[in-house]
file my_file.pdb (PDB, C-alpha atoms and all ligand atoms)
ATOM      1  CA  MET A   1       0.000   0.000   0.000  1.00  0.00           C
ATOM      2  CA  PHE A   2       1.072   3.561  -0.628  1.00  0.00           C
ATOM      3  CA  PRO A   3       0.609   6.390   1.828  1.00  0.00           C
ATOM      4  CA  ALA A   4      -1.981   9.088   1.203  1.00  0.00           C
ATOM      5  CA  MET A   5      -1.158  11.845  -1.223  1.00  0.00           C
ATOM      6  CA  THR A   6       1.560  14.245  -0.199  1.00  0.00           C
ATOM      7  CA  ILE A   7       1.911  17.859  -1.210  1.00  0.00           C
ATOM      8  CA  ARG A   8       5.474  18.284  -2.437  1.00  0.00           C
ATOM      9  CA  ASN A   9       7.626  21.404  -2.572  1.00  0.00           C
ATOM     10  CA  ILE A  10       7.620  23.157  -5.930  1.00  0.00           C
ATOM     11  CA  ILE A  11      11.072  24.323  -7.031  1.00  0.00           C
ATOM     12  CA  VAL A  12      11.227  28.017  -7.890  1.00  0.00           C
ATOM     13  CA  ALA A  13      13.539  29.438 -10.574  1.00  0.00           C
ATOM     14  CA  PRO A  14      16.375  30.084 -10.868  1.00  0.00           C
ATOM     15  CA  ASP A  15      17.404  26.578  -9.811  1.00  0.00           C
ATOM     16  CA  PRO A  16      19.678  24.132 -11.666  1.00  0.00           C
ATOM     17  CA  ARG A  17      17.224  21.286 -10.932  1.00  0.00           C
ATOM     18  CA  LEU A  18      14.740  22.922 -13.318  1.00  0.00           C
ATOM     19  CA  LYS A  19      17.336  22.717 -16.110  1.00  0.00           C
ATOM     20  CA  VAL A  20      17.648  18.939 -15.926  1.00  0.00           C
ATOM     21  CA  ILE A  21      16.383  16.973 -18.940  1.00  0.00           C
ATOM     22  CA  SER A  22      13.802  14.465 -17.694  1.00  0.00           C
ATOM     23  CA  LYS A  23      14.180  10.747 -18.414  1.00  0.00           C
ATOM     24  CA  PRO A  24      11.486   8.544 -19.967  1.00  0.00           C
ATOM     25  CA  VAL A  25       9.405   6.395 -17.641  1.00  0.00           C
ATOM     26  CA  ASP A  26      10.066   2.669 -18.164  1.00  0.00           C
ATOM     27  CA  ALA A  27       6.678   1.475 -16.969  1.00  0.00           C
ATOM     28  CA  VAL A  28       3.603   3.067 -15.410  1.00  0.00           C
ATOM     29  CA  THR A  29       3.764   1.255 -12.080  1.00  0.00           C
ATOM     30  CA  ASP A  30       1.917   1.858  -8.806  1.00  0.00           C
ATOM     31  CA  GLU A  31       4.952   3.864  -7.719  1.00  0.00           C
ATOM     32  CA  MET A  32       4.540   6.130 -10.766  1.00  0.00           C
ATOM     33  CA  ARG A  33       0.796   6.455 -10.082  1.00  0.00           C
ATOM     34  CA  ALA A  34       1.553   7.463  -6.483  1.00  0.00           C
ATOM     35  CA  LEU A  35       3.923  10.107  -7.852  1.00  0.00           C
ATOM     36  CA  MET A  36       1.197  11.341 -10.244  1.00  0.00           C
ATOM     37  CA  ASP A  37      -1.284  11.511  -7.345  1.00  0.00           C
ATOM     38  CA  ASP A  38       1.177  13.640  -5.361  1.00  0.00           C
ATOM     39  CA  MET A  39       1.795  15.853  -8.380  1.00  0.00           C
ATOM     40  CA  LEU A  40      -1.926  16.450  -8.924  1.00  0.00           C
ATOM     41  CA  GLU A  41      -2.467  17.230  -5.238  1.00  0.00           C
ATOM     42  CA  THR A  42       0.526  19.592  -5.262  1.00  0.00           C
ATOM     43  CA  MET A  43      -0.796  21.312  -8.399  1.00  0.00           C
ATOM     44  CA  TYR A  44      -4.329  21.750  -7.003  1.00  0.00           C
ATOM     45  CA  ASP A  45      -2.905  23.055  -3.734  1.00  0.00           C
ATOM     46  CA  ALA A  46      -0.684  25.668  -5.438  1.00  0.00           C
ATOM     47  CA  PRO A  47      -3.105  26.259  -7.271  1.00  0.00           C
ATOM     48  CA  GLY A  48      -2.071  25.703 -10.872  1.00  0.00           C
ATOM     49  CA  ILE A  49      -3.283  24.075 -14.101  1.00  0.00           C
ATOM     50  CA  GLY A  50      -0.155  22.100 -14.997  1.00  0.00           C
ATOM     51  CA  LEU A  51       2.876  20.579 -13.314  1.00  0.00           C
ATOM     52  CA  ALA A  52       5.845  18.565 -14.559  1.00  0.00           C
ATOM     53  CA  ALA A  53       7.572  16.066 -12.256  1.00  0.00           C
ATOM     54  CA  VAL A  54      10.875  17.925 -12.574  1.00  0.00           C
ATOM     55  CA  GLN A  55       9.241  20.884 -10.805  1.00  0.00           C
ATOM     56  CA  ILE A  56       9.095  18.777  -7.643  1.00  0.00           C
ATOM     57  CA  GLY A  57      12.628  17.523  -8.232  1.00  0.00           C
ATOM     58  CA  VAL A  58      11.785  14.241  -9.979  1.00  0.00           C
ATOM     59  CA  PRO A  59      13.304  14.372 -13.482  1.00  0.00           C
ATOM     60  CA  LEU A  60      10.934  11.899 -15.140  1.00  0.00           C
ATOM     61  CA  ARG A  61       8.785  12.590 -18.202  1.00  0.00           C
ATOM     62  CA  ILE A  62       5.491  12.962 -16.355  1.00  0.00           C
ATOM     63  CA  ILE A  63       3.021  15.858 -16.524  1.00  0.00           C
ATOM     64  CA  VAL A  64      -0.289  16.445 -14.774  1.00  0.00           C
ATOM     65  CA  MET A  65      -2.801  19.050 -15.895  1.00  0.00           C
ATOM     66  CA  ASP A  66      -6.354  20.131 -15.203  1.00  0.00           C
ATOM     67  CA  LEU A  67      -7.913  22.896 -17.261  1.00  0.00           C
ATOM     68  CA  ALA A  68     -11.418  22.601 -15.805  1.00  0.00           C
ATOM     69  CA  ARG A  69     -12.955  25.862 -14.677  1.00  0.00           C
ATOM     70  CA  GLU A  70     -13.846  26.389 -11.021  1.00  0.00           C
ATOM     71  CA  ASP A  71     -17.530  25.612 -11.671  1.00  0.00           C
ATOM     72  CA  GLU A  72     -16.727  22.360 -13.491  1.00  0.00           C
ATOM     73  CA  GLU A  73     -15.873  18.888 -12.246  1.00  0.00           C
ATOM     74  CA  PRO A  74     -12.124  18.248 -12.037  1.00  0.00           C
ATOM     75  CA  GLN A  75     -10.673  16.913 -15.303  1.00  0.00           C
ATOM     76  CA  PRO A  76      -7.233  15.593 -14.370  1.00  0.00           C
ATOM     77  CA  LEU A  77      -4.954  14.674 -17.254  1.00  0.00           C
ATOM     78  CA  TYR A  78      -1.893  12.495 -16.784  1.00  0.00           C
ATOM     79  CA  LEU A  79       0.708  12.527 -19.545  1.00  0.00           C
ATOM     80  CA  VAL A  80       3.584  10.045 -19.313  1.00  0.00           C
ATOM     81  CA  ASN A  81       6.374  10.173 -21.923  1.00  0.00           C
ATOM     82  CA  PRO A  82       4.403  12.670 -24.071  1.00  0.00           C
ATOM     83  CA  GLU A  83       5.535  13.298 -27.630  1.00  0.00           C
ATOM     84  CA  ILE A  84       4.231  15.880 -30.070  1.00  0.00           C
ATOM     85  CA  ILE A  85       3.619  14.015 -33.314  1.00  0.00           C
ATOM     86  CA  GLU A  86       2.151  16.962 -35.218  1.00  0.00           C
ATOM     87  CA  ALA A  87       2.188  20.724 -34.738  1.00  0.00           C
ATOM     88  CA  SER A  88       0.466  23.405 -36.793  1.00  0.00           C
ATOM     89  CA  GLY A  89       2.453  26.159 -38.499  1.00  0.00           C
ATOM     90  CA  ASP A  90       0.416  28.971 -36.995  1.00  0.00           C
ATOM     91  CA  LEU A  91       1.732  30.644 -33.865  1.00  0.00           C
ATOM     92  CA  VAL A  92      -0.765  31.730 -31.240  1.00  0.00           C
ATOM     93  CA  PRO A  93       0.084  34.131 -28.399  1.00  0.00           C
ATOM     94  CA  TYR A  94      -1.016  33.265 -24.876  1.00  0.00           C
ATOM     95  CA  ASP A  95      -0.268  34.792 -21.503  1.00  0.00           C
ATOM     96  CA  GLU A  96       1.686  32.151 -19.608  1.00  0.00           C
ATOM     97  CA  GLY A  97       2.569  31.721 -15.991  1.00  0.00           C
ATOM     98  CA  CYS A  98       4.372  28.935 -14.158  1.00  0.00           C
ATOM     99  CA  LEU A  99       4.364  27.593 -10.615  1.00  0.00           C
ATOM    100  CA  SER A 100       8.177  27.700 -10.774  1.00  0.00           C
ATOM    101  CA  VAL A 101       8.090  31.368 -11.842  1.00  0.00           C
ATOM    102  CA  PRO A 102       5.518  32.678  -9.373  1.00  0.00           C
ATOM    103  CA  ASP A 103       3.677  35.946  -9.989  1.00  0.00           C
ATOM    104  CA  PHE A 104       5.015  36.587 -13.503  1.00  0.00           C
ATOM    105  CA  TYR A 105       2.859  36.371 -16.612  1.00  0.00           C
ATOM    106  CA  GLU A 106       4.224  36.929 -20.098  1.00  0.00           C
ATOM    107  CA  THR A 107       2.999  36.400 -23.645  1.00  0.00           C
ATOM    108  CA  VAL A 108       4.556  33.456 -25.460  1.00  0.00           C
ATOM    109  CA  GLU A 109       3.789  32.371 -29.027  1.00  0.00           C
ATOM    110  CA  ARG A 110       3.462  28.662 -29.747  1.00  0.00           C
ATOM    111  CA  PRO A 111       1.822  26.469 -32.416  1.00  0.00           C
ATOM    112  CA  GLY A 112      -1.939  26.730 -32.021  1.00  0.00           C
ATOM    113  CA  HIS A 113      -2.701  23.048 -32.638  1.00  0.00           C
ATOM    114  CA  VAL A 114      -0.702  19.994 -31.624  1.00  0.00           C
ATOM    115  CA  THR A 115      -1.313  16.264 -31.694  1.00  0.00           C
ATOM    116  CA  LEU A 116       0.397  14.297 -28.987  1.00  0.00           C
ATOM    117  CA  ARG A 117       0.951  10.702 -28.049  1.00  0.00           C
ATOM    118  CA  TYR A 118       1.464   9.674 -24.435  1.00  0.00           C
ATOM    119  CA  LEU A 119       0.817   7.004 -21.854  1.00  0.00           C
ATOM    120  CA  ASP A 120      -2.101   7.631 -19.507  1.00  0.00           C
ATOM    121  CA  TYR A 121      -2.512   6.889 -15.774  1.00  0.00           C
ATOM    122  CA  GLN A 122      -3.048   3.197 -16.584  1.00  0.00           C
ATOM    123  CA  GLY A 123      -0.073   3.055 -18.955  1.00  0.00           C
ATOM    124  CA  GLU A 124      -2.277   2.868 -22.061  1.00  0.00           C
ATOM    125  CA  ILE A 125      -1.066   4.565 -25.256  1.00  0.00           C
ATOM    126  CA  ARG A 126      -3.254   7.564 -26.130  1.00  0.00           C
ATOM    127  CA  GLU A 127      -3.393  10.221 -28.788  1.00  0.00           C
ATOM    128  CA  MET A 128      -4.908  13.630 -28.251  1.00  0.00           C
ATOM    129  CA  LYS A 129      -5.470  16.702 -30.386  1.00  0.00           C
ATOM    130  CA  ALA A 130      -5.054  19.925 -28.470  1.00  0.00           C
ATOM    131  CA  ASP A 131      -5.784  23.524 -29.347  1.00  0.00           C
ATOM    132  CA  GLU A 132      -6.246  26.849 -27.570  1.00  0.00           C
ATOM    133  CA  MET A 133      -5.228  26.830 -23.905  1.00  0.00           C
ATOM    134  CA  LEU A 134      -4.713  23.054 -23.839  1.00  0.00           C
ATOM    135  CA  ALA A 135      -2.195  23.264 -26.707  1.00  0.00           C
ATOM    136  CA  THR A 136      -0.320  26.050 -24.944  1.00  0.00           C
ATOM    137  CA  CYS A 137      -0.350  24.242 -21.619  1.00  0.00           C
ATOM    138  CA  VAL A 138       0.860  20.945 -23.111  1.00  0.00           C
ATOM    139  CA  GLN A 139       3.751  22.676 -24.866  1.00  0.00           C
ATOM    140  CA  HIS A 140       4.650  24.705 -21.772  1.00  0.00           C
ATOM    141  CA  GLU A 141       4.729  21.539 -19.634  1.00  0.00           C
ATOM    142  CA  MET A 142       6.645  19.578 -22.267  1.00  0.00           C
ATOM    143  CA  ASP A 143       9.278  22.336 -22.285  1.00  0.00           C
ATOM    144  CA  HIS A 144       9.849  21.554 -18.600  1.00  0.00           C
ATOM    145  CA  LEU A 145      10.879  18.016 -19.612  1.00  0.00           C
ATOM    146  CA  GLU A 146      13.691  19.595 -21.658  1.00  0.00           C
ATOM    147  CA  GLY A 147      14.746  21.930 -18.854  1.00  0.00           C
ATOM    148  CA  ILE A 148      13.098  24.916 -20.552  1.00  0.00           C
ATOM    149  CA  LEU A 149      10.990  27.529 -18.747  1.00  0.00           C
ATOM    150  CA  PHE A 150       8.587  29.941 -20.431  1.00  0.00           C
ATOM    151  CA  VAL A 151      10.927  32.791 -19.551  1.00  0.00           C
ATOM    152  CA  ASP A 152      13.467  31.153 -21.881  1.00  0.00           C
ATOM    153  CA  HIS A 153      11.153  32.193 -24.745  1.00  0.00           C
ATOM    154  CA  LEU A 154      11.384  35.875 -23.759  1.00  0.00           C
ATOM    155  CA  THR A 155      14.085  38.389 -24.600  1.00  0.00           C
ATOM    156  CA  ARG A 156      17.262  38.012 -22.595  1.00  0.00           C
ATOM    157  CA  LEU A 157      16.614  41.362 -20.931  1.00  0.00           C
ATOM    158  CA  ARG A 158      13.110  40.405 -19.796  1.00  0.00           C
ATOM    159  CA  ARG A 159      14.242  36.952 -18.633  1.00  0.00           C
ATOM    160  CA  SER A 160      17.147  38.242 -16.552  1.00  0.00           C
ATOM    161  CA  MET A 161      14.911  40.900 -14.997  1.00  0.00           C
ATOM    162  CA  ILE A 162      12.422  38.221 -13.879  1.00  0.00           C
ATOM    163  CA  LEU A 163      15.096  35.814 -12.624  1.00  0.00           C
ATOM    164  CA  ARG A 164      16.806  38.632 -10.727  1.00  0.00           C
ATOM    165  CA  LYS A 165      13.554  39.502  -8.963  1.00  0.00           C
ATOM    166  CA  LEU A 166      12.947  35.846  -8.097  1.00  0.00           C
ATOM    167  CA  THR A 167      16.486  35.535  -6.701  1.00  0.00           C
ATOM    168  CA  LYS A 168      15.932  38.630  -4.569  1.00  0.00           C
ATOM    169  CA  GLN A 169      12.616  37.208  -3.333  1.00  0.00           C
ATOM    170  CA  LYS A 170      14.325  33.913  -2.371  1.00  0.00           C
ATOM    171  CA  ARG A 171      16.964  35.795  -0.364  1.00  0.00           C
ATOM    172  CA  LEU A 172      14.249  37.734   1.455  1.00  0.00           C
ATOM    173  CA  GLU A 173      12.445  34.500   2.327  1.00  0.00           C
ATOM    174  CA  GLU A 174      15.655  32.807   3.487  1.00  0.00           C
ATOM    175  CA  SER A 175      16.533  35.698   5.785  1.00  0.00           C
ATOM    176  CA  ALA A 176      12.980  36.021   7.143  1.00  0.00           C
TER     177      ALA A 176
HETATM  178 NI    NI B 201       5.595  25.755 -15.796  1.00  0.00          NI
END

call {"tool": "encode", "arguments": {"input": "my_file.pdb", "output": "structure tokens"}}
result
Amino acid sequence: MFPAMTIRNIIVAPDPRLKVISKPVDAVTDEMRALMDDMLETMYDAPGIGLAAVQIGVPLRIIVMDLAREDEEPQPLYLVNPEIIEASGDLVPYDEGCLSVPDFYETVERPGHVTLRYLDYQGEIREMKADEMLATCVQHEMDHLEGILFVDHLTRLRRSMILRKLTKQKRLEESA
């Protein structure tokens, strides 16, 4: 038996652990499902709409998401070893935020439609077409698996300004 879900600490940038390239999952075992349960709980608690395992310091190719609105039933999505098998040529701007880059929102352009293949919570192979916010969210989370944050899509000036502020904030919290 596995213990009840645990809320894990979310790593905040800048942190070298967020730059690690995540490794594929060999098999979707009970241990992996327990990790996914923790990730979902951690994401809901934050609160956020997407979380990659590397953000809690586990560099495995696992993502959880839930884009349901507050008045809707939860719609958890578990993506293990996701791959984009098709992406549209059009670029769509969206305001993005990230639990590892708290309190900053910036516009990033990404393909508006993607098709992905992944393993679900049961380890079954799935394909999904995503557009609008789901497409953006999937691509944002998949960037995490490559050690990329949304701020890496911004100008160097904007990125260093944000990371500097986050560093300052961390120092304040450490000395508090
Ligand atoms: Ni993120």

call {"tool": "resolve_selection", "arguments": {"input": "my_file.pdb", "expression": "the PyMOL selection byres (((chain A and resi 27-43) around 7) and not hetatm)", "output": "number ranges by chain"}}
result
A: 5-8, 25-26, 44-51, 53, 64, 121-123

call {"tool": "atom_distance", "arguments": {"input": "my_file.pdb", "atom1": "CA of Lys129 (chain A)", "atom2": "CA of Ser88 (chain A)"}}
result
11.0 Å

call {"tool": "residues_near_ligand", "arguments": {"input": "my_file.pdb", "ligand": "ligand NI 201 (chain B)", "cutoff": "7 Å", "atoms": "only C-alpha atoms and all ligand atoms", "output": "PDB file with C-alpha atoms, in the frame of the given file"}}
result
ATOM      1  CA  GLY A  50      -0.155  22.100 -14.997  1.00  0.00           C
ATOM      2  CA  LEU A  51       2.876  20.579 -13.314  1.00  0.00           C
ATOM      3  CA  GLY A  97       2.569  31.721 -15.991  1.00  0.00           C
ATOM      4  CA  CYS A  98       4.372  28.935 -14.158  1.00  0.00           C
ATOM      5  CA  LEU A  99       4.364  27.593 -10.615  1.00  0.00           C
ATOM      6  CA  SER A 100       8.177  27.700 -10.774  1.00  0.00           C
ATOM      7  CA  HIS A 140       4.650  24.705 -21.772  1.00  0.00           C
ATOM      8  CA  GLU A 141       4.729  21.539 -19.634  1.00  0.00           C
ATOM      9  CA  HIS A 144       9.849  21.554 -18.600  1.00  0.00           C
ATOM     10  CA  LEU A 149      10.990  27.529 -18.747  1.00  0.00           C
ATOM     11  CA  PHE A 150       8.587  29.941 -20.431  1.00  0.00           C
TER      12      PHE A 150
END

call {"tool": "residues_near_point", "arguments": {"input": "my_file.pdb", "point": "(6.6, 11.2, -17.1)", "cutoff": "8 Å", "atoms": "only C-alpha atoms", "output": "mmCIF file with C-alpha atoms, in the coordinates of the input"}}
result
data_model
loop_
_atom_site.group_PDB
_atom_site.id
_atom_site.type_symbol
_atom_site.label_atom_id
_atom_site.label_comp_id
_atom_site.auth_asym_id
_atom_site.auth_seq_id
_atom_site.Cartn_x
_atom_site.Cartn_y
_atom_site.Cartn_z
ATOM 1 C CA SER A 22 13.802 14.465 -17.694
ATOM 2 C CA LYS A 23 14.180 10.747 -18.414
ATOM 3 C CA PRO A 24 11.486 8.544 -19.967
ATOM 4 C CA VAL A 25 9.405 6.395 -17.641
ATOM 5 C CA ALA A 52 5.845 18.565 -14.559
ATOM 6 C CA ALA A 53 7.572 16.066 -12.256
ATOM 7 C CA LEU A 60 10.934 11.899 -15.140
ATOM 8 C CA ARG A 61 8.785 12.590 -18.202
ATOM 9 C CA ILE A 62 5.491 12.962 -16.355
ATOM 10 C CA ILE A 63 3.021 15.858 -16.524
ATOM 11 C CA LEU A 79 0.708 12.527 -19.545
ATOM 12 C CA VAL A 80 3.584 10.045 -19.313
ATOM 13 C CA ASN A 81 6.374 10.173 -21.923
ATOM 14 C CA PRO A 82 4.403 12.670 -24.071
#

call {"tool": "axis_aligned_box", "arguments": {"input": "my_file.pdb", "around": "region 86-93 of chain A", "padding_each_side": "6 Å", "output": "JSON"}}
result
{"center_x": 0.8, "center_y": 25.5, "center_z": -33.4, "size_x": 15.2, "size_y": 29.2, "size_z": 22.1}

call {"tool": "atom_distance", "arguments": {"input": "my_file.pdb", "atom1": "CA of Arg126 (chain A)", "atom2": "CA of Ile84 (chain A)"}}
result
11.9 Å

call {"tool": "closest_residue", "arguments": {"input": "my_file.pdb", "among": "A:Val108, A:Lys168, A:Glu96, A:Asp120", "to": "Pro76 (chain A)", "atoms": "only C-alpha atoms"}}
result
A:Asp120

call {"tool": "atom_distance", "arguments": {"input": "my_file.pdb", "atom1": "CA of Glu146 (chain A)", "atom2": "CA of Glu174 (chain A)"}}
result
28.5 Å

call {"tool": "residues_around", "arguments": {"input": "my_file.pdb", "residues": "Asp152 (chain A)", "least_positions_apart": "6", "cutoff": "10 Å", "atoms": "all atoms listed in the file", "output": "PyMOL selection string"}}
result
chain A and resi 108+143+158-160
